Amino acid sequence: GVGTGSYTSPDSSGLDSIKSIAISNAIVETARWTLYQVGIQNIGTEIPGEFKLYQNYPNPFNPVTNINFDVPKSGLVQIRVYDILGKEVDILANEVLQPGRYKASFDASKLASGIYFYRINASNFSDIKRMIVVK
């Protein structure tokens with residue numbers, strides 16, 4: 001808290017602002033959460049033999065496309081999207097994933113029409129593919 005008899009916590013509006021509340025009695029707080037992989041879905045139970053990044057589909061697309069990839073061993077997986085000039089415009093994955101086949105959805109509704117690239121980095125594997133946004 002910000003002082004004796006106060007409690008400080010991020011609010012629940014999603015804006016990550018801080019709320020301070022003056023209190024006079026003891027507060028017992030129990031954390032409750034559920035893990036959701038937003039935008040990334042495990043699409044198979046088999047363990048692939050190698051890392052692989054597939055071509056997105058549909059391509060060209062407006063505004064959402066799917067990107068499938070294989071992860072043969074646990075580790076940090078990063079998938080980033082870049083514009084034609086090499087500027088990073090989105091991060092689709094930046095987390096430790098277990099072995100499996102995955103699908104990431106990419107929503108380009110805030111981007112202009114054009115050519116974009118998506119790149120995977122995982123373990124010692126890296127690959128890049130091209131996709132086209134048409135509005």
# chains A, B, ... in the order shown; residues from 1 in each chain; ligands from 1
call {"tool": "residues_around", "arguments": {"residues": "Pro72 (chain A)", "least_positions_apart": "6", "cutoff": "10 Å", "atoms": "only C-alpha atoms", "output": "VMD selection string"}}
result
chain A and resid 46 to 52 97 to 101
call {"tool": "atom_distance", "arguments": {"atom1": "CA of Lys103 (chain A)", "atom2": "CA of Val71 (chain A)"}}
result
11.0 Å
call {"tool": "closest_residue", "arguments": {"among": "A:Val133, A:Val89, A:Ile120, A:Ala104", "to": "Leu53 (chain A)", "atoms": "only C-alpha atoms"}}
result
A:Ile120
call {"tool": "closest_residue", "arguments": {"among": "A:Ile67, A:Ala108, A:Ile128, A:Ile115", "to": "Gln41 (chain A)", "atoms": "only C-alpha atoms"}}
result
A:Ile67
call {"tool": "closest_residue", "arguments": {"among": "A:Val64, A:Val96, A:Val134, A:Ala112", "to": "Ile79 (chain A)", "atoms": "only C-alpha atoms"}}
result
A:Val96
call {"tool": "residues_around", "arguments": {"residues": "Tyr57 (chain A)", "least_positions_apart": "6", "cutoff": "10 Å", "atoms": "only C-alpha atoms", "output": "PyMOL selection string"}}
result
chain A and resi 64-68+105+131
call {"tool": "atom_distance", "arguments": {"atom1": "CA of Ser74 (chain A)", "atom2": "CA of Phe125 (chain A)"}}
result
12.8 Å
call {"tool": "atom_distance", "arguments": {"atom1": "CA of Asn62 (chain A)", "atom2": "CA of Ile43 (chain A)"}}
result
22.7 Å
call {"tool": "residues_around", "arguments": {"residues": "Gln78 (chain A)", "least_positions_apart": "4", "cutoff": "10 Å", "atoms": "only C-alpha atoms", "output": "ChimeraX atom specification"}}
result
/A:91-97,119-123,126
call {"tool": "closest_residue", "arguments": {"among": "A:Tyr82, A:Asp127, A:Phe61, A:Phe69", "to": "Ser113 (chain A)", "atoms": "only C-alpha atoms"}}
result
A:Phe61
call {"tool": "closest_residue", "arguments": {"among": "A:Gly44, A:Tyr102, A:Gln55, A:Ile132", "to": "Ile84 (chain A)", "atoms": "only C-alpha atoms"}}
result
A:Ile132
